[in-house]
Every structure is written in structure tokens, then in C-alpha cells.
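J.: Sharing upload09.tsv here; it has TSV, C-alpha atoms and all ligand atoms.
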```tsv
chain	number	residue	atom	x	y	z
A	670	MET	CA	59.02	156.88	72.86
A	671	PHE	CA	62.68	156.34	73.74
A	672	VAL	CA	64.65	153.83	71.66
A	673	SER	CA	68.24	153.00	72.58
A	674	ALA	CA	70.37	151.53	69.82
A	675	ILE	CA	73.19	149.15	70.64
A	676	VAL	CA	75.68	148.86	67.80
A	677	LEU	CA	78.03	145.90	67.98
A	678	ALA	CA	81.62	146.29	66.87
A	679	ALA	CA	83.49	144.19	69.40
A	680	GLY	CA	84.04	141.04	67.35
A	681	LYS	CA	87.40	139.73	66.16
A	682	GLY	CA	86.49	139.66	62.48
A	683	ALA	CA	88.49	136.44	62.20
A	684	ARG	CA	86.74	135.20	59.05
A	685	LEU	CA	87.43	138.42	57.15
A	686	LYS	CA	91.17	137.78	57.54
A	687	SER	CA	91.96	141.49	57.41
A	688	SER	CA	94.81	143.22	59.22
A	689	ILE	CA	92.41	146.12	59.87
A	690	SER	CA	89.68	145.65	62.48
A	691	LYS	CA	86.44	144.70	60.62
A	692	PRO	CA	84.37	147.77	61.63
A	693	LEU	CA	87.15	149.97	60.23
A	694	VAL	CA	87.73	148.18	56.94
A	695	LYS	CA	87.05	150.61	54.09
A	696	LEU	CA	83.96	150.18	51.98
A	697	GLY	CA	83.90	152.79	49.24
A	698	SER	CA	85.48	155.77	50.94
A	699	LEU	CA	84.17	155.12	54.46
A	700	PRO	CA	84.90	152.66	57.25
A	701	LEU	CA	82.27	149.91	57.43
A	702	ILE	CA	80.85	150.98	60.79
A	703	ILE	CA	80.17	154.54	59.64
A	704	TYR	CA	77.39	153.46	57.24
A	705	SER	CA	75.04	152.08	59.86
A	706	LEU	CA	75.90	154.81	62.37
A	707	LYS	CA	75.02	157.47	59.78
A	708	CYS	CA	71.65	155.81	59.30
A	709	LEU	CA	70.85	155.36	62.99
A	710	MET	CA	71.91	158.86	64.00
A	711	ILE	CA	69.23	160.44	61.83
A	712	CYS	CA	66.35	158.25	63.03
A	713	PRO	CA	64.15	160.52	65.16
A	714	LEU	CA	62.96	157.70	67.45
A	715	ILE	CA	66.51	156.69	68.35
A	716	LYS	CA	67.49	158.81	71.30
A	717	GLU	CA	70.93	157.37	72.00
A	718	ILE	CA	73.48	155.00	70.52
A	719	ILE	CA	75.61	152.71	72.68
A	720	LEU	CA	78.60	151.31	70.88
A	721	ALA	CA	80.29	148.06	71.90
A	722	VAL	CA	83.92	147.88	70.80
A	723	ASN	CA	87.01	145.91	71.80
A	724	SER	CA	90.26	146.98	73.37
A	725	SER	CA	92.17	146.83	70.08
A	726	ASN	CA	89.80	148.93	67.96
A	727	VAL	CA	88.45	151.41	70.52
A	728	LEU	CA	90.88	154.25	69.80
A	729	ASP	CA	90.58	154.03	66.03
A	730	ILE	CA	86.79	153.76	66.19
A	731	LYS	CA	86.68	156.88	68.38
A	732	LYS	CA	88.87	158.66	65.81
A	733	SER	CA	86.55	157.62	62.97
A	734	ILE	CA	83.48	158.81	64.84
A	735	ARG	CA	85.07	162.23	65.21
A	736	LYS	CA	86.35	162.33	61.65
A	737	TYR	CA	82.98	161.47	60.11
A	738	LYS	CA	81.02	163.65	62.57
A	739	ILE	CA	78.82	160.88	63.93
A	740	SER	CA	76.43	162.21	66.55
A	741	GLY	CA	74.16	160.53	69.07
A	742	ILE	CA	76.70	158.12	70.59
A	743	ARG	CA	76.16	158.40	74.31
A	744	LYS	CA	78.49	155.66	75.54
A	745	ILE	CA	81.18	153.41	74.22
A	746	VAL	CA	81.51	150.16	76.15
A	747	LEU	CA	83.87	147.22	75.86
A	748	GLY	CA	82.25	144.12	74.42
A	749	GLY	CA	82.83	140.59	75.62
A	750	LEU	CA	84.09	137.25	74.46
A	751	ILE	CA	81.00	136.37	72.43
A	752	ARG	CA	78.39	138.58	70.74
A	753	GLN	CA	75.86	138.03	73.53
A	754	ASP	CA	78.34	139.36	76.10
A	755	SER	CA	78.76	142.50	74.00
A	756	VAL	CA	74.98	142.99	73.83
A	757	TYR	CA	74.75	142.47	77.58
A	758	ASN	CA	77.44	145.08	78.25
A	759	GLY	CA	75.58	147.46	75.96
A	760	LEU	CA	72.32	146.77	77.78
A	761	ASN	CA	73.92	147.71	81.07
A	762	ALA	CA	74.77	151.11	79.63
A	763	ILE	CA	71.43	152.18	78.19
A	764	ASP	CA	69.45	155.11	79.55
A	765	LYS	CA	66.87	154.31	82.24
A	766	ARG	CA	64.21	156.06	80.14
A	767	ALA	CA	64.56	153.61	77.25
A	768	ASP	CA	61.33	151.82	76.29
A	769	PHE	CA	62.78	149.84	73.39
A	770	VAL	CA	66.23	148.57	72.45
A	771	LEU	CA	67.39	148.23	68.87
A	772	ILE	CA	70.36	145.93	68.32
A	773	HIS	CA	72.44	146.19	65.19
A	774	ASP	CA	75.61	144.50	63.92
A	775	SER	CA	78.04	147.06	62.54
A	776	ALA	CA	79.01	144.34	60.07
A	777	ARG	CA	75.76	145.16	58.18
A	778	PRO	CA	76.39	148.52	56.52
A	779	PHE	CA	73.30	148.69	54.29
A	780	ILE	CA	70.44	149.36	56.66
A	781	ASP	CA	68.14	152.20	55.77
A	782	LYS	CA	65.83	154.52	57.64
A	783	LYS	CA	62.73	152.83	56.26
A	784	GLN	CA	63.74	149.40	57.56
A	785	VAL	CA	64.71	150.78	60.93
A	786	SER	CA	61.40	152.63	61.35
A	787	LEU	CA	59.44	149.60	60.23
A	788	ALA	CA	61.18	147.37	62.77
A	789	ILE	CA	60.62	149.90	65.57
A	790	ASN	CA	56.96	150.36	64.70
A	791	GLU	CA	56.30	146.63	64.56
A	792	ALA	CA	58.11	146.11	67.87
A	793	LYS	CA	55.85	148.74	69.37
A	794	LYS	CA	52.85	146.60	68.43
A	795	CYS	CA	54.00	143.24	69.77
A	796	GLY	CA	57.20	143.70	71.78
A	797	ALA	CA	59.71	142.24	69.34
A	798	ALA	CA	60.46	142.69	65.66
A	799	ILE	CA	63.33	141.52	63.52
A	800	VAL	CA	64.15	142.11	59.87
A	801	GLY	CA	64.86	139.36	57.42
A	802	VAL	CA	64.27	138.04	53.91
A	803	PRO	CA	62.84	134.79	52.55
A	804	VAL	CA	65.58	132.25	51.90
A	805	LYS	CA	66.42	131.82	48.22
A	806	ALA	CA	68.70	128.81	48.53
A	807	THR	CA	67.81	125.19	49.11
A	808	ILE	CA	68.75	124.45	52.71
A	809	LYS	CA	69.59	120.93	53.83
A	810	GLU	CA	70.36	119.74	57.31
A	811	VAL	CA	73.38	117.44	57.31
A	812	HIS	CA	74.67	114.99	59.88
A	813	SER	CA	77.30	116.40	62.22
A	814	LEU	CA	80.88	116.14	61.00
A	815	GLN	CA	81.75	114.01	64.04
A	816	SER	CA	79.25	111.35	63.01
A	817	THR	CA	80.39	111.09	59.39
A	818	VAL	CA	81.54	107.73	58.10
A	819	HIS	CA	84.89	107.91	56.22
A	820	GLY	CA	84.64	111.72	56.24
A	821	MET	CA	81.51	111.62	54.04
A	822	LEU	CA	79.07	114.43	54.73
A	823	LEU	CA	75.52	113.05	54.57
A	824	VAL	CA	72.18	114.78	54.24
A	825	LYS	CA	69.78	114.34	57.14
A	826	LYS	CA	66.83	116.17	55.59
A	827	THR	CA	65.78	118.96	53.26
A	828	LEU	CA	64.04	121.84	54.98
A	829	ASN	CA	60.85	123.31	53.56
A	830	ARG	CA	62.02	126.59	52.07
A	831	GLU	CA	58.55	128.09	52.05
A	832	ASN	CA	58.78	128.96	55.72
A	833	LEU	CA	62.48	129.74	55.96
A	834	TRP	CA	63.70	133.29	56.45
A	835	GLU	CA	67.22	134.57	56.76
A	836	ILE	CA	67.28	136.89	59.74
A	837	HIS	CA	69.30	140.09	59.86
A	838	THR	CA	69.71	143.03	62.19
A	839	PRO	CA	68.30	145.48	63.23
A	840	GLN	CA	66.27	143.66	65.83
A	841	VAL	CA	64.06	145.70	68.14
A	842	PHE	CA	62.69	144.65	71.52
A	843	LYS	CA	60.73	146.09	74.37
A	844	LYS	CA	63.45	146.78	76.91
A	845	ASP	CA	61.84	144.89	79.80
A	846	LEU	CA	61.39	141.76	77.68
A	847	LEU	CA	64.98	141.82	76.47
A	848	LEU	CA	66.32	142.33	80.00
A	849	GLU	CA	64.20	139.44	81.24
A	850	ALA	CA	65.35	137.22	78.37
A	851	TYR	CA	68.99	138.02	79.10
A	852	LYS	CA	68.49	137.44	82.81
A	853	ARG	CA	66.95	134.01	82.28
A	854	PHE	CA	68.67	132.68	79.20
A	855	GLY	CA	71.63	134.98	78.53
A	856	ASN	CA	74.11	132.19	79.26
A	857	THR	CA	72.66	129.91	76.59
A	858	PRO	CA	74.58	130.50	73.34
A	859	VAL	CA	72.26	131.61	70.53
A	860	SER	CA	73.00	133.26	67.19
A	861	ASP	CA	70.66	136.22	67.57
A	862	ASP	CA	68.92	138.10	70.35
A	863	ALA	CA	65.43	137.20	69.20
A	864	ALA	CA	66.20	133.56	70.03
A	865	LEU	CA	66.36	134.51	73.72
A	866	LEU	CA	62.91	136.12	73.56
A	867	GLU	CA	61.58	133.06	71.77
A	868	LYS	CA	62.79	131.00	74.76
A	869	LEU	CA	60.80	133.34	76.97
A	870	GLY	CA	57.71	132.47	74.92
A	871	CYS	CA	57.41	135.94	73.35
A	872	LYS	CA	55.93	136.49	69.92
A	873	VAL	CA	58.60	137.81	67.57
A	874	ARG	CA	57.40	139.59	64.46
A	875	VAL	CA	59.42	139.27	61.26
A	876	VAL	CA	59.42	142.22	58.88
A	877	PHE	CA	60.54	142.23	55.27
A	878	GLY	CA	64.03	143.67	55.09
A	879	SER	CA	66.25	143.80	52.06
A	880	TYR	CA	68.49	141.38	50.17
A	881	SER	CA	71.10	144.15	50.16
A	882	ASN	CA	71.38	144.08	53.93
A	883	ILE	CA	74.30	141.67	53.78
A	884	LYS	CA	76.68	140.95	56.64
A	885	ILE	CA	80.34	141.37	55.93
A	886	THR	CA	81.78	138.09	57.14
A	887	THR	CA	84.28	136.70	54.63
A	888	PRO	CA	86.44	138.54	52.04
A	889	GLU	CA	84.02	137.96	49.14
A	890	ASP	CA	81.30	139.82	51.05
A	891	LEU	CA	83.37	142.98	50.65
A	892	VAL	CA	83.40	142.54	46.86
A	893	LEU	CA	79.63	142.16	46.91
A	894	ALA	CA	79.27	145.16	49.21
A	895	GLU	CA	81.27	147.37	46.83
A	896	ALA	CA	78.90	146.36	44.03
A	897	ILE	CA	75.81	147.10	46.15
A	898	LEU	CA	77.29	150.48	47.02
A	899	LYS	CA	77.88	151.32	43.36
A	900	VAL	CA	74.29	150.51	42.45
A	901	ALA	CA	72.96	152.50	45.43
A	902	ARG	CA	74.98	155.53	44.32
A	903	ARG	CA	73.47	155.38	40.84
A	904	GLU	CA	69.91	155.34	42.20
A	1001	LIG	N1	80.39	141.06	67.86
A	1001	LIG	C1	80.60	141.73	69.07
A	1001	LIG	N2	81.23	141.06	70.09
A	1001	LIG	C2	81.66	139.81	69.93
A	1001	LIG	C3	81.45	139.13	68.71
A	1001	LIG	C4	80.79	139.78	67.69
A	1001	LIG	O1	80.22	142.89	69.20
A	1001	LIG	N3	82.29	139.23	70.94
A	1001	LIG	C5	79.75	141.79	66.76
A	1001	LIG	C6	80.66	141.97	65.56
A	1001	LIG	O2	81.51	143.11	65.75
A	1001	LIG	C7	79.69	142.09	64.41
A	1001	LIG	C8	78.47	141.31	64.89
A	1001	LIG	O3	78.65	141.06	66.28
A	1001	LIG	O4	79.32	143.42	64.15
A	1001	LIG	C9	78.25	140.03	64.11
A	1001	LIG	O5	79.34	139.17	64.32
A	1001	LIG	P1	80.26	138.54	63.18
A	1001	LIG	O6	79.79	138.90	61.86
A	1001	LIG	O7	80.46	137.13	63.55
A	1001	LIG	O8	81.61	139.38	63.39
A	1001	LIG	P2	82.92	138.93	64.12
A	1001	LIG	O9	82.57	138.13	65.34
A	1001	LIG	O10	83.71	140.16	64.32
A	1001	LIG	O11	83.62	138.02	63.04
A	1001	LIG	P3	84.21	136.53	63.19
A	1001	LIG	O12	83.09	135.68	63.78
A	1001	LIG	O13	84.60	136.14	61.82
A	1001	LIG	O14	85.38	136.62	64.15
A	1002	MG	MG	81.59	136.25	65.18
```
Take the structure I supplied and represent it as C-alpha cells, if you would.

T.:
Amino acid sequence: MFVSAIVLAAGKGARLKSSISKPLVKLGSLPLIIYSLKCLMICPLIKEIILAVNSSNVLDIKKSIRKYKISGIRKIVLGGLIRQDSVYNGLNAIDKRADFVLIHDSARPFIDKKQVSLAINEAKKCGAAIVGVPVKATIKEVHSLQSTVHGMLLVKKTLNRENLWEIHTPQVFKKDLLLEAYKRFGNTPVSDDAALLEKLGCKVRVVFGSYSNIKITTPEDLVLAEAILKVARRE
């Protein structure tokens, strides 16, 4: 079985408000992107890694890859304006022999081999598998800001938490299904790749991930990530 991994690092990192490109921001002693690359490069089923970067971080990311001796990266491509464009550019670069594609956000440093293998194995069974965790918070849908009266934000409804999951990456798909989903719905903005397969009518399996698999989005996420790292080192 041939799994191609596409690792996304082409975003602007605007919400992190850092002068350093988000994939290169230091977490512990390593740049953020190095954590997930180190995990993916030792997964036996992953036969190649395609990295999507942007024109302002490409040189420094290449330097980091050399410095930290990351292996298995077969191509580095430029991403696009939105995340989906970056995935699409990555998809165009994967090896013809690939049966499955694993997509991962470099902004999630804490993936582990177990989670990755689980997602790949589940995708093998039904074509698509994504990792996630049950939502802990109470989630309410509110009326759109545009429709607020006197700037008052109003609740529309409370969602039933029992069936709500927060979805992470990695997400793994049978290559042909993902290509078909991108061909038919790639221009519709969605917040993850699985949503495109759902539009295609595919069954998407959710596997239990980890509450530590946080995405670094805003500055406080880095504080949390440092704490998670400390605990992981003690274990
Ligand atoms: N990403 C990408 N190409 C884009 C946008 C996002 O490759 N055009 C990647 C990011 O590098 C990140 C992942 O998609 O690894 C998830 O995106 P997000 O957390 O939103 O990161 P950014 O888009 O970089 O951050 P922001 O939205 O705050 O600008
Ligand atoms: Mg973004």
C-alpha cells in the first residue's frame, strides 16, 4: 500500500500575530513543523511526503528540513490563496502509485504514530477516515452578526453535544475519491477535506484522536502547546 502525505504549511498564520512564519515558530527547541514531519517520516506506510509552503517561508523551511534531518520529503510545492488550493497543489504532485492520501496541517504538532496508523487503517476499510475528539464545550449556534439588532448577539439554538465531534488532521482518503471530490466540489469553500467527500456522498469514518492534538492558531495555543510538550517529555 502506498500512502502519500501532504503536509500543509502555506498559510499566512495571521491569527498567531508572529513575525516568524507559523510553521517555523519555535515550540520547545524545534520549529513547529518539525514535530509532525518527524512523526510522518517514520510511518512505514507513508511512502512520500509532499510539503506545501509559501513564497515567504520556502527557503527557511528547506533550511529547517536539512538542519533537523527530515527524510521522506519528495516534493515541495507552493500552496495557494486558501487551504484547499494548497491541498490541490499538493495533490497534483503526488506519486502516480499512491493508493491513499493523508492530509495534515503542520499547525498540529502533536500527532503520533498510533493515530496516524489508525486513520490509515480505517481509511483502508471504507475510503475515508478522519481523527477527532468528542466536543467538551456547550456549542450554540448564534444569529449572524449582520442580522443582530443593536449589535446584540442572539442565540439561534443549542446543538446536541452528544453527537458533536471536533475534527482534526490527519485525514486519510482513497486517492481516487479525493481527486473526484476536488474535481467536482473543490471550488466550494469548506473547512476540511472530508467535507468535500461528504458532498460526494462518501462515508467518512471518524476515529478517536487525542485532546492533545491541538492546532496552533492564536498566541495562547503556543502556551498550551509548551505545557503539553512538558508533560509528554515527562512520560
Ligand atoms: N494552509 C495552507 N495554505 C493556505 C492556508 C492554510 O497550507 N492557503 C495551512 C496552514 O499552513 C496550516 C493549516 O493549513 O498548517 C491550517 O490553517 P490555519 O490554522 O488557518 O493556518 P493559517 O491559515 O496559516 O493561519 P491564519 O488562518 O491565522 O492566517
Ligand atoms: Mg487559515

J.: What's the 8 Å shell around A:Phe779, counting all atoms listed in the file, without same-chain residues fewer than 5 positions away, as a list in words?

T.: Tyr704, Ser705, Ser881, Asn882 and Ile883 of chain A

J.: Ligand LIG 1001 (chain A): which residues are within 9 Å, counting all atoms listed in the file? Reply as an MDAnalysis selection string.

T.: chainID A and resid 676:686 690:692 702 720:723 747:756 773:777 884:887

J.: Quick one: distance from atom CA of A:Val875 to atom CA of A:Ala798 in Å, one decimal?

T.: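 Separating atom CA of A:Val875 from atom CA of A:Ala798 is a distance of 5.7 Å.
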
J.: Within 10 Å of stretch 706-717 of chain A, counting only C-alpha atoms, which residues qualify if same-chain residues fewer than 3 places away don't, as a PyMOL selection string?

T.: chain A and resi 670-676+701-703+720+734+737-744+763-764+766-767+769-771+773+775+778-783+785-786+789-790

J.: Restricting the calculation to all atoms listed in the file, which member of A:Leu866, A:Thr817, A:Leu696, A:Gly878 is positioned closest to A:Lys852?

T.: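 Checking each candidate against A:Lys852, we get A:Leu866 as the closest.
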
J.: Atom CA of A:Trp834 and atom CA of A:His812, how far apart in Å?

T.: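 One can read the atom CA of A:His812 to atom CA of A:Trp834 distance as 21.6 Å.
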
J.: For the atom pair atom CA of A:Ser733 and atom CA of A:Glu895, what is the interatomic distance in Å to one decimal place?

T.: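 Taking atom CA of A:Ser733 and atom CA of A:Glu895, their separation equals 19.8 Å.
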
J.: I need the residue nearest ligand MG 1002 (chain A) from this list: A:Ser725, A:Thr807, A:Ser879, A:Ser860. Use only C-alpha atoms and all ligand atoms for the distance.

T.: A:Ser860

J.: Write out as an MDAnalysis selection string each polymer residue whose atoms come within 9 Å of A:Ala762, counting all atoms listed in the file; drop sequence neighbours fewer than 5 positions from it.

T.: chainID A and resid 719 744:746 757

J.: Keeping only C-alpha atoms, write the selected residues to a file as a PDB file, in the frame of the given file.

T.:
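In the end it all went to selection.pdb:
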```pdb
ATOM      1  CA  ILE A 719      75.610 152.710  72.680  1.00  0.00           C
ATOM      2  CA  LYS A 744      78.490 155.660  75.540  1.00  0.00           C
ATOM      3  CA  ILE A 745      81.180 153.410  74.220  1.00  0.00           C
ATOM      4  CA  VAL A 746      81.510 150.160  76.150  1.00  0.00           C
ATOM      5  CA  TYR A 757      74.750 142.470  77.580  1.00  0.00           C
TER       6      TYR A 757
END
```

J.: Can you tell me, as a PyMOL selection string, what residues are no more than 8 Å from A:Gly855 when counting all atoms listed in the file, ignoring any on the same chain fewer than 4 positions away?

T.: chain A and resi 753+850-851+865

J.: Identify which of the residues A:Val694, A:Val859, A:Leu823, A:Leu828 lies closest to ligand MG 1002 (chain A), counting all atoms listed in the file when measuring atom-to-atom distances.

T.: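 Answer, going by the shortest atom-to-atom distance: A:Val859.
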
J.: Using all atoms listed in the file, can you tell me which of A:Asp861, A:Lys794, A:Lys695, A:Asn726 comes closest to ligand MG 1002 (chain A)?

T.: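 The shortest atom-to-atom distance to ligand MG 1002 (chain A) comes from A:Asp861.
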
J.: Nearest to A:Lys843: which of A:Lys736, A:Lys731, A:Lys826, A:Lys793 is it, counting only C-alpha atoms?

T.: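 Closest to A:Lys843, using only C-alpha atoms: A:Lys793.
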